[in-house]
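Okay, so here's the structure we're looking at.
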There are 6 protein chains.
Amino acid sequence: MIIKMPSDELSKIIEKTAEDIKNMRIRGAGRIARAAVSCLKVVAERYDAKSVDDFVLKLDQVSRILLNTRPTAVSLSNGIRYVMFRVLRAKNKVSDVEELRKLTIDAASRFIENSMKAIRMIAEIGSKRIEDGDCILTHCHSTAVVEIIKRAWNEGKKVKVYSTETRPRFQGRITASLLGEVGIPVTLIIDSAARFVMNEVDVVLVGADAIAANGAVVNKIGTSLIALAAKEARTRVYVAAETYKFSPETLLGQLIRIEQRSPYEVIPEEELSKMKNVSVLNPAFDVTPPEYIDIIITEKGVIPPQAAAWILKEEFGWSFTKDLLEKYMTYR
Amino acid sequence: MIIKMPSDELSKIIEKTAEDIKNMRIRGAGRIARAAVSCLKVVAERYDAKSVDDFVLKLDQVSRILLNTRPTAVSLSNGIRYVMFRVLRAKNKVSDVEELRKLTIDAASRFIENSMKAIRMIAEIGSKRIEDGDCILTHCHSTAVVEIIKRAWNEGKKVKVYSTETRPRFQGRITASLLGEVGIPVTLIIDSAARFVMNEVDVVLVGADAIAANGAVVNKIGTSLIALAAKEARTRVYVAAETYKFSPETLLGQLIRIEQRSPYEVIPEEELSKMKNVSVLNPAFDVTPPEYIDIIITEKGVIPPQAAAWILKEEFGWSFTKDLLEKYMTYR
Amino acid sequence: MIIKMPSDELSKIIEKTAEDIKNMRIRGAGRIARAAVSCLKVVAERYDAKSVDDFVLKLDQVSRILLNTRPTAVSLSNGIRYVMFRVLRAKNKVSDVEELRKLTIDAASRFIENSMKAIRMIAEIGSKRIEDGDCILTHCHSTAVVEIIKRAWNEGKKVKVYSTETRPRFQGRITASLLGEVGIPVTLIIDSAARFVMNEVDVVLVGADAIAANGAVVNKIGTSLIALAAKEARTRVYVAAETYKFSPETLLGQLIRIEQRSPYEVIPEEELSKMKNVSVLNPAFDVTPPEYIDIIITEKGVIPPQAAAWILKEEFGWSFTKDLLEKYMTYR
Amino acid sequence: MIIKMPSDELSKIIEKTAEDIKNMRIRGAGRIARAAVSCLKVVAERYDAKSVDDFVLKLDQVSRILLNTRPTAVSLSNGIRYVMFRVLRAKNKVSDVEELRKLTIDAASRFIENSMKAIRMIAEIGSKRIEDGDCILTHCHSTAVVEIIKRAWNEGKKVKVYSTETRPRFQGRITASLLGEVGIPVTLIIDSAARFVMNEVDVVLVGADAIAANGAVVNKIGTSLIALAAKEARTRVYVAAETYKFSPETLLGQLIRIEQRSPYEVIPEEELSKMKNVSVLNPAFDVTPPEYIDIIITEKGVIPPQAAAWILKEEFGWSFTKDLLEKYMTYR
Amino acid sequence: MIIKMPSDELSKIIEKTAEDIKNMRIRGAGRIARAAVSCLKVVAERYDAKSVDDFVLKLDQVSRILLNTRPTAVSLSNGIRYVMFRVLRAKNKVSDVEELRKLTIDAASRFIENSMKAIRMIAEIGSKRIEDGDCILTHCHSTAVVEIIKRAWNEGKKVKVYSTETRPRFQGRITASLLGEVGIPVTLIIDSAARFVMNEVDVVLVGADAIAANGAVVNKIGTSLIALAAKEARTRVYVAAETYKFSPETLLGQLIRIEQRSPYEVIPEEELSKMKNVSVLNPAFDVTPPEYIDIIITEKGVIPPQAAAWILKEEFGWSFTKDLLEKYMTYR
Amino acid sequence: MIIKMPSDELSKIIEKTAEDIKNMRIRGAGRIARAAVSCLKVVAERYDAKSVDDFVLKLDQVSRILLNTRPTAVSLSNGIRYVMFRVLRAKNKVSDVEELRKLTIDAASRFIENSMKAIRMIAEIGSKRIEDGDCILTHCHSTAVVEIIKRAWNEGKKVKVYSTETRPRFQGRITASLLGEVGIPVTLIIDSAARFVMNEVDVVLVGADAIAANGAVVNKIGTSLIALAAKEARTRVYVAAETYKFSPETLLGQLIRIEQRSPYEVIPEEELSKMKNVSVLNPAFDVTPPEYIDIIITEKGVIPPQAAAWILKEEFGWSFTKDLLEKYMTYR
């Protein structure tokens with residue numbers, strides 16, 4: 001039996017989740033998505049709905065609040081859509097609120113569970129592509145990448161890793177540290193040295209922040225430069241990405257927006273303030289075209305980047321897509 | 001009339017010069033070369049030689065001391081060779097020490113003068129390749145590059161500049177600061193963002209530390225990655241380099257050695273010490289292949305990189321080269 | 001209630017449509033397809049069929065008459081197939097002629113309606129890929145392209161356009177005129193100048209006459225040269241095409257035939273007649289390989305060219321395809 | 001009515017098939033697969049099962065015996081999976097052994113029939129891509145390739161063929177001989193001469209041993225070098241492959257193993273034994289990346305290589321895939 | 001004995017030559033250069049000089065008048081420089097005016113003679129690179145190209161030629177006509193069809209308007225697009241150019257200016273005037289980068305484009321170059 | 001004092017040399033050239049000339065006899081030209097036969113000596129480009145290559161070598177054997193496996209049969225395919241070639257002829273004779289374009305391939321070249 005919660009208590013929960021995502025207390029594509037979907041699940045469990053319409057309206061309002069917290073995070077809108085697609089599709093078919101409530105809770109639970117399974121599955125699939133003796137280059141910090149390499153290592157494959165430092169925030173040091181901890185030999189390099197070592201590298205392995213309908217990969221700034229250098233040297237490029245990072249709005253032409261971040265990540269404010277006529281451009285991501293990527297490793301299996309549109313269709317439907325996509329789009 | 005100097009005073013001067021180059025109190029390819037040649041000039045002026053042979057022996061000894069200070073600097077050995085070629089060629093033809101002394105002093109003076117003129121000439125030639133409205137991307141800090149851009153700006157060409165920060169030592173900030181000071185709008189980017197902005201860039205303009213016989217350019221680590229991204233986007237790549245940066249030993253097969261620098265330029269020692277199994281590779285330079293370079297701007301004029309062997313021949317001779325090259329080679 | 005028409009009146013209508021398509025009074029891929037399907041619809045509505053078999057036979061005969069009018073137009077055979085697939089699939093399942101008649105009329109109506117919606121949808125999707133300040137290069141005259149650019153302009157995006165003149169028939173002047181009329185600044189260039197301006201161009205946007213199973217795009221002669229120059233300069237290439245331009249027979253190995261047109265489009269007859277040993281080759285289209293195309297914008301969404309086979313499958317079925325394709329194939 | 005066979009007679013049949021495949025009395029991807037599936041069919045027909053579970057257990061055991069015979073043959077595991085997928089899926093739904101028996105026999109028969117039809121269909125589809133006057137280059141010996149060319153020739157297309165000799169076992173001589181026999185002019189070249197003649201070649205046409213999820217083609221060693229030379233010269237590359245050569249385990253990250261063969265295929269033992277410090281590497285296949293392949297011609301139609309993942313899904317299912325794939329995987 | 005001419009008669013001759021070049025009564029790179037040098041020769045023969053200085057001053061003035069007639073013609077300034085280099089170099093060494101007069105006349109005569117020989121020599125050298133059965137594609141109208149092909153034809157080589165029409169002024173029709181006249185089979189194509197026929201083409205053969213120090217070739221707009229398509233198809237690109245088309249000022253950084261011509265060459269004025277917001281860009285030339293060119297055929301022999309700087313040095317000197325170049329530079 | 005030889009004894013010596021070259025008793029580019037030049041030297045020493053003209057005529061006749069023995073060997077004509085250039089240039093300046101005789105003998109001796117020194121010098125220069133741990137791939141058998149690798153090995157560099165077998169005559173086995181003998185680990189592969197191993201290879205190192213004015217390298221068939229695969233993998237390609245392999249006639253447009261050899265090198269006569277409609281194409285060499293070659297290692301130093309024209313000029317002169325080249329040209 002479901003216990004309804006007073007409206008203002010529920011509001012506080014919603015507010016808190018939204019606040020935590022906004023202030024980056026909750027961060028990382030997966031965690032953000034799961035937090036938002038958990039919030040929808042709580043609402044579904046506890047909201048004392050007057051009617052099916054009222055129930056849907058409430059979920060819709062909460063969705064909008066959550067979407068506003070990080071308007072460029074693809075995983076966030078995908079999580080919300082996963083639930084809301086099912087809600088809206090079912091809305092006119094259910095006999096009462098309780099049926100819809102159950103369906104909503106199930107959808108939310110399934111999304112959360114799938115998301116948690118996805119990394120494990122990617123590690124299992126991806127580690128098969130790593131061979132004993134491989135030299136791997138990675139950029140920035142991706143949980144999927146770390147898990148793939150660690151799994152390959154645990155299977156007895158003697159790999160070595162080049163990790164870029166990843167300016168401006170040095171997330172590559174985290175990667176180096178995590179891999180080194182389990183015994184994997186890691187060499188830290190500056191980002192600019194990627195081409196210097198590329199002829200030694202067997203596999204470039206990176207994560208993704210978002211994947212577009214044509215297979216273009218949005219990832220930490222510098223990824224496209226590394227992929228280009230890999231192409232030049234006939235080195236394979238693998239991208240590891242859960243399917244909820246595929247951006248369905250790109251099917252409808254939407255371009256993925258590149259976040260511009262603070263100049264003071266790049267140069268201390270006091271130093272910059274002394275320079276005349278100098279400004280800073282600090283894009284967080286860049287776009288790697290599909291022709292520089294050999295495969296994308298998803299929890300559903302290995303695909304060439306050009307199959308992204310098809311994965312989107314499998315995951316998010318097709319004819320149904322347009323209206324709902326626009327309803328819960330983060331980019332505005 | 002030339003006043004001879006007591007032997008130990010001269011020794012101190014030589015020692016001091018060698019020390020200053022070694023400890024980088026004197027640095028920059030041009031300054032190093034001029035300091036070493038000035039030292040040879042002083043020796044030529046002041047050494048109380050017993051015979052032609054004694055004079056040549058002394059110069060030879062001093063040359064070796066100087067060459068040992070920075071064994072990978074092409075400009076240093078080229079400066080010394082410029083003088084010593086002429087000394088050794090003349091040795092058996094002169095009537096006495098004084099004739100050889102004069103010839104040596106003249107050669108040294110000419111080298112110094114030429115080196116000082118070269119930058120001005122490169123600025124004059126290079127600025128013609130810059131057009132009004134051009135967007136220029138540069139990497140690291142090169143005096144020749146700064147002078148070309150400033151001259152173009154002073155000629156009324158409204159350029160804008162992207163300057164990479166240039167990890168690990170941020171010399172790109174110096175470039176940004178110097179250009180910004182005279183009014184040129186500069187945008188500082190992290191090195192990894194070079195491909196992100198490349199479609200806007202009209203010209204990539206960089207300096208060089210050394211140029212090989214086949215036109216390959218040795219420059220600050222990351223240059224080859226930027227040149228590759230420029231090639232991908234049909235953006236022109238110009239290299240500005242005085243001819244004394246061309247490495248004649250590469251004609252004889254010698255590979256240019258890439259200096260490996262301290263890990264602590266990349267990551268603070270205390271942070272690295274906490275990581276297990278993590279080491280750092282910190283190459284100072286990389287090699288850009290000639291096919292990614294449109295032109296090299298020298299004080300002798302604009303050449304395609306493939307004309308480097310010919311420039312070397314023009315500057316350093318050909319059949320005469322081998323023995324002397326090996327006599328005063330920095331790489332061992 | 002459906003009013004049957006005397007056989008010879010119906011014949012006249014069929015004849016007139018066929019004649020109009022043949023003589024290019026009806027032209028343009030979309031209009032041709034809709035005219036042919038309308039004709040099938042009229043037949044379905046008015047033909048006084050003796051039996052289901054007789055009804056199907058009649059439609060089949062009319063289809064063949066229409067297919068013969070323009071044997072290289074992909075949209076024409078696709079329109080006819082859209083209807084006839086459904087007719088033949090239903091043939092043995094319907095209870096009587098009237099059921100089949102209704103189904104046929106519905107299919108025809110749906111095709112016509114979809115076709116009219118497609119351009120609007122493409123404009124909506126495609127305009128999202130255009131950004132404020134973009135410089136667009138287009139070739140020849142494509143309604144879809146014109147609609148995308150106009151919609152982007154109306155959304156307030158300040159674009160500028162290079163339009164090639166498009167020899168030999170100068171359709172690029174129509175494009176220039178249509179875009180210029182609504183205020184968009186257009187620069188007309190000769191086709192040969194495409195590479196000259198390419199470094200300024202952000203997006204190459206063209207239409208298509210047909211799209212093959214592997215994503216190769218058949219469009220106005222010169223398109224592949226422009227796409228090549230775009231690739232060389234890392235400029236994006238977008239193709240706008242309704243799905244009824246995808247050629248299902250290419251799934252079965254059929255090559256798309258390139259129409260060869262009159263020499264006198266290229267050079268006046270009197271001038272050519274004075275030349276000895278000079279002939280003219282005047283192909284109407286060329287083939288752009290999929291690797292030079294970033295995305296195809298269809299009314300179903302954005303896809304990479306390599307997803308063409310999959311779109312064909314979605315639109316035209318797969319196992320069912322072969323016999324019917326060959327039944328209503330234009331190429332012979 | 002089905003006559004059950006005594007257990008040891010059945011064992012002999014199974015043993016014999018396994019032996020014949022192992023010893024290469026049965027060879028060629030298609031024949032191996034059909035022999036293995038025929039064996040399963042016989043077991044299904046004749047095994048005197050005590051229960052549904054017993055029946056399935058028997059088939060499973062036989063499958064494992066067969067899989068062990070040639071652990072790198074993709075067609076073998078695909079044949080077995082084709083049957084076993086259907087068996088395992090139906091297992092809990094059938095009412096009794098006889099229903100499952102019938103279903104198994106049907107599946108096996110269908111696989112065999114499809115496999116025999118596939119070559120004919122590929123010849124029909126592929127021959128349409130060959131034009132009158134084409135110069136075709138092929139490598140090694142592929143039945144599908146020979147059938148395509150012969151069909152095109154029989155349709156009156158005057159083709160000429162370059163056939164590489166295909167070291168180390170000279171299978172190209174078989175190809176040359178088979179094509180020459182029907183009147184087609186064939187020029188035999190050494191493998192190294194592929195680039196020498198490439199500018200004359202219109203189409204490179206080769207078979208495949210296996211196709212990976214991302215469209216990479218595993219074929220006779222040297223294929224990737226020829227495809228590279230074709231790409232360099234803008235010559236089309238077509239691969240002919242039945243869908244049972246697509247490797248579903250690659251969807252799950254599995255890399256296709258490259259068989260290493262005896263050194264004495266490359267150099268006579270007595271000659272090698274006289275050499276000091278010389279060993280031989282003799283890989284049977286290499287991997288051609290999808291970007292060097294224009295189309296793959298399957299019995300289901302023409303696809304770009306990047307559609308391989310999608311074909312795998314169509315043929316082998318998706319969510320169902322993982323467990324069964326691993327159950328009947330050849331690579332271990 | 002030389003007969004001096006009254007000053008105003010000489011002025012008329014100078015004026016007339018200048019006028020004829022300006023108004024294009026004299027046109028074509030070779031003819032312009034020869035006319036200007038002839039004019040200098042007449043001045044040298046007839047000018048009644050008071051002193052060596054007066055003689056040089058006169059020649060200098062006349063040079064400036066001539067240079068102003070067509071400020072972008074490389075051959076014009078090269079002709080004048082050829083003479084004036086020699087005059088200025090000799091100026092302080094000659095004993096009297098008559099010696100300098102003779103030297104000037106000789107220099108002028110030699111330039112004219114060399115220029116006339118150059119085309120014949122290029123035809124002789126270039127025709128050796130044409131083989132029996134070759135299919136040649138050319139663009140625009142180049143005398144050197146026509147002579148090479150005719151000579152090869154006369155030597156019995158059965159070539160065929162694709163000639164682009166060459167918008168906007170259709171000079172390709174002249175080429176087609178001239179070659180067809182002697183019996184060579186020519187196919188006229190629109191410029192956009194270059195890639196369509198490229199796989200059939202063995203050699204792309206074009207002329208040049210100017211050649212830069214790095215080997216970049218300035219030629220009729222569209223040349224670079226054709227060269228790009230040739231590179232894509234591994235088709236050789238040959239450029240035929242007399243050495244007086246090499247631009248020595250490019251050694252000093254000077255960019256070659258691209259002439260912009262009238263919009264009404266592209267579209268009739270009355271048609272353009274009816275269009276709103278439509279302008280025309282009509283560049284006469286484009287720049288083909290050296291990496292797309294296999295060889296340059298000069299009267300001095302065959303060189304790779306990267307040897308252009310060296311040819312310039314051979315022809316125009318090096319250290320002497322700068323001042324004189326700037327003295328007689330056309331670009332300002 | 002020089003002892004004259006009776007005319008018929010001399011004839012026998014000439015005949016014998018010619019015969020030995022023709023029948024390949026003397027073979028290898030260097031040995032052929034030295035044998036021919038030795039023959040000229042003997043003639044110079046022993047021929048009892050009546051006059052300078054008679055002496056020159058004799059040498060000219062002998063030259064023609066020798067040139068006819070192997071009409072495609074560049075080194076042969078270069079050897080003869082080396083001597084005859086000097087003879088013809090001196091002819092009108094010498095006082096008597098004896099002066100010319102001495103000059104001729106000196107020239108011949110110098111050529112022979114230089115040729116013998118060249119390999120040693122190339123080994124010295126080339127070995128510097130090999131680094132400890134390098135993996136080298138070579139093709140066919142080149143003395144220069146073997147000497148470079150052996151020298152590097154003797155200097156303590158632990159290299160490993162891939163040697164192709166080099167169809168059809170398996171010269172790669174000689175290379176493998178020679179290198180293996182001194183302890184170098186060699187792996188023999190079939191030619192087709194070059195791309196399979198390329199990602200492991202650090203340097204491709206091959207010899208040359210001839211080098212053209214634009215830097216194109218003529219070498220054993222298959223070299224260009226390997227160079228292409230090296231380019232694709234960013235692996236360096238080095239060519240080792242004595243300067244007398246540079247072909248001066250290519251400066252004048254001459255194409256280097258590719259020798260076509262017997263079909264029975266490729267397939268046994270009895271096997272071929274059983275095949276219908278099968279012929280064999282067996283080119284001995286192919287042409288590697290300069291853009292796939294990083295450096296050419298000559299005895300004069302390391303050059304980029306594009307400097308070949310300049311080396312030719314240095315070695316063979318320029319303005320003097322044409323007549324003499326054509327006088328002693330092997331290709332006719």
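Ordered as shown in the structure tokens, chains take letters A, B, and onward, while each chain numbers its residues from 1 and ligands are numbered from 1 in the order shown.
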
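Residue list for chain A within 6 Å of chain C: A:Asn214, A:Leu251, A:Leu252, A:Gly253, A:Gln254, counting only C-alpha atoms.
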
_For the strand (DSSP E or B) assignment from backbone DSSP, which residues of stretch 212-265 of chain D qualify? Please present them as a ChimeraX atom specification._
/D:217-220,236-240,246,260

If you keep all heavy atoms, can you produce a file of those selected residues as a tab-separated table (two decimals), in the first residue's frame?
chain	number	residue	atom	x	y	z
D	217	VAL	N	35.79	-6.15	-42.20
D	217	VAL	CA	35.71	-7.40	-42.95
D	217	VAL	C	36.98	-8.22	-42.75
D	217	VAL	O	38.08	-7.74	-43.01
D	217	VAL	CB	35.50	-7.11	-44.45
D	217	VAL	CG1	35.70	-8.37	-45.29
D	217	VAL	CG2	34.11	-6.55	-44.68
D	218	VAL	N	36.81	-9.43	-42.28
D	218	VAL	CA	37.93	-10.36	-42.15
D	218	VAL	C	37.97	-11.20	-43.42
D	218	VAL	O	36.99	-11.86	-43.76
D	218	VAL	CB	37.76	-11.25	-40.91
D	218	VAL	CG1	38.87	-12.28	-40.82
D	218	VAL	CG2	37.72	-10.38	-39.65
D	219	ASN	N	39.09	-11.12	-44.12
D	219	ASN	CA	39.21	-11.90	-45.36
D	219	ASN	C	40.68	-12.26	-45.54
D	219	ASN	O	41.55	-11.81	-44.80
D	219	ASN	CB	38.66	-11.10	-46.56
D	219	ASN	CG	38.47	-11.95	-47.79
D	219	ASN	OD1	38.03	-13.10	-47.68
D	219	ASN	ND2	38.81	-11.44	-48.95
D	220	LYS	N	40.95	-13.04	-46.55
D	220	LYS	CA	42.31	-13.51	-46.86
D	220	LYS	C	43.34	-12.39	-46.70
D	220	LYS	O	43.15	-11.27	-47.15
D	220	LYS	CB	42.29	-14.00	-48.31
D	220	LYS	CG	43.63	-14.33	-48.94
D	220	LYS	CD	44.43	-15.41	-48.26
D	220	LYS	CE	43.65	-16.69	-48.11
D	220	LYS	NZ	44.39	-17.72	-47.32
D	236	ARG	N	36.08	1.57	-56.42
D	236	ARG	CA	35.08	1.00	-55.49
D	236	ARG	C	35.49	-0.37	-54.97
D	236	ARG	O	36.07	-1.16	-55.70
D	236	ARG	CB	33.75	0.84	-56.21
D	236	ARG	CG	33.09	2.17	-56.52
D	236	ARG	CD	31.92	1.92	-57.43
D	236	ARG	NE	31.31	3.19	-57.80
D	236	ARG	CZ	30.68	3.40	-58.93
D	236	ARG	NH1	30.57	2.42	-59.81
D	236	ARG	NH2	30.15	4.57	-59.19
D	237	VAL	N	35.15	-0.65	-53.72
D	237	VAL	CA	35.42	-1.95	-53.12
D	237	VAL	C	34.10	-2.58	-52.71
D	237	VAL	O	33.36	-2.01	-51.91
D	237	VAL	CB	36.35	-1.81	-51.90
D	237	VAL	CG1	36.54	-3.16	-51.22
D	237	VAL	CG2	37.69	-1.21	-52.32
D	238	TYR	N	33.81	-3.75	-53.29
D	238	TYR	CA	32.59	-4.49	-52.96
D	238	TYR	C	32.98	-5.78	-52.25
D	238	TYR	O	33.90	-6.48	-52.69
D	238	TYR	CB	31.81	-4.87	-54.23
D	238	TYR	CG	31.32	-3.72	-55.07
D	238	TYR	CD1	30.85	-3.96	-56.38
D	238	TYR	CD2	31.29	-2.41	-54.61
D	238	TYR	CE1	30.38	-2.94	-57.18
D	238	TYR	CE2	30.82	-1.37	-55.41
D	238	TYR	CZ	30.37	-1.65	-56.69
D	238	TYR	OH	29.90	-0.62	-57.49
D	239	VAL	N	32.28	-6.12	-51.20
D	239	VAL	CA	32.48	-7.38	-50.51
D	239	VAL	C	31.21	-8.22	-50.67
D	239	VAL	O	30.12	-7.70	-50.48
D	239	VAL	CB	32.78	-7.14	-49.02
D	239	VAL	CG1	32.82	-8.45	-48.24
D	239	VAL	CG2	34.09	-6.38	-48.85
D	240	ALA	N	31.37	-9.47	-51.04
D	240	ALA	CA	30.22	-10.37	-51.18
D	240	ALA	C	30.22	-11.34	-50.01
D	240	ALA	O	31.22	-12.04	-49.80
D	240	ALA	CB	30.31	-11.12	-52.51
D	246	PHE	N	28.34	-12.98	-40.83
D	246	PHE	CA	28.37	-11.88	-39.87
D	246	PHE	C	28.52	-12.48	-38.48
D	246	PHE	O	27.81	-13.42	-38.14
D	246	PHE	CB	27.07	-11.06	-39.96
D	246	PHE	CG	27.00	-10.18	-41.18
D	246	PHE	CD1	26.95	-10.73	-42.45
D	246	PHE	CD2	26.98	-8.80	-41.08
D	246	PHE	CE1	26.88	-9.93	-43.59
D	246	PHE	CE2	26.92	-7.99	-42.20
D	246	PHE	CZ	26.87	-8.56	-43.45
D	260	GLN	N	46.75	-18.27	-37.32
D	260	GLN	CA	48.16	-18.27	-37.75
D	260	GLN	C	48.49	-19.65	-38.31
D	260	GLN	O	48.27	-20.65	-37.64
D	260	GLN	CB	49.08	-17.95	-36.55
D	260	GLN	CG	48.93	-16.54	-36.01
D	260	GLN	CD	49.40	-15.47	-36.98
D	260	GLN	OE1	50.16	-15.74	-37.91
D	260	GLN	NE2	48.93	-14.25	-36.79

*asked:* What's around F:Lys93 at 12 Å? Count only C-alpha atoms, leave out sequence neighbours fewer than 6 positions away in its own chain, and write the answer as a PyMOL selection string.
replied: chain F and resi 52+86-87+99-100+103

*Would you list the contacts of B:Met24 as a PyMOL selection string, taking every protein, DNA or RNA residue within 12 Å and counting only C-alpha atoms, but skipping same-chain residues closer than 6 positions in sequence?*
chain B and resi 17-18+31-32+35+69-70

Within 10 Å of B:Gly28, counting only C-alpha atoms, which residues show up once you throw out same-chain ones fewer than 5 positions away? Write them as a compact mmCIF listing (two decimals) with N, CA, C and O atoms, in the first residue's frame, please.
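Generated output (around.txt):
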# COMPACT_ATOMS: atom_id res chain seq x y z
N ILE B 21 75.07 29.89 -19.69
CA ILE B 21 74.24 29.14 -20.64
C ILE B 21 73.69 27.89 -19.98
O ILE B 21 72.50 27.58 -20.07
N ALA B 33 73.27 31.43 -28.87
CA ALA B 33 74.22 31.39 -29.98
C ALA B 33 75.12 32.63 -29.96
O ALA B 33 76.33 32.55 -30.12
N ALA B 73 70.98 22.11 -28.18
CA ALA B 73 70.62 23.38 -28.83
C ALA B 73 71.29 23.51 -30.20
O ALA B 73 72.51 23.65 -30.29
N SER B 75 71.11 25.95 -32.34
CA SER B 75 71.65 27.28 -32.63
C SER B 75 73.06 27.44 -32.05
O SER B 75 73.91 28.10 -32.63
N SER B 142 57.30 32.61 -29.30
CA SER B 142 58.38 32.77 -30.26
C SER B 142 58.55 34.25 -30.57
O SER B 142 57.58 34.91 -30.95
N THR B 143 59.77 34.74 -30.40
CA THR B 143 60.01 36.16 -30.69
C THR B 143 59.69 36.48 -32.15
O THR B 143 59.07 37.50 -32.45
N ASP B 209 62.37 25.31 -32.88
CA ASP B 209 63.62 25.14 -32.14
C ASP B 209 64.71 24.59 -33.05
O ASP B 209 65.89 24.90 -32.87

*Mind checking which residues fall within 12 Å of stretch 8-12 of chain B, counting only C-alpha atoms, ignoring those fewer than 2 positions away in the same chain, and posting them as a PyMOL selection string?*
chain B and resi 4-6+14-19+39-48+58-59+61-62+65
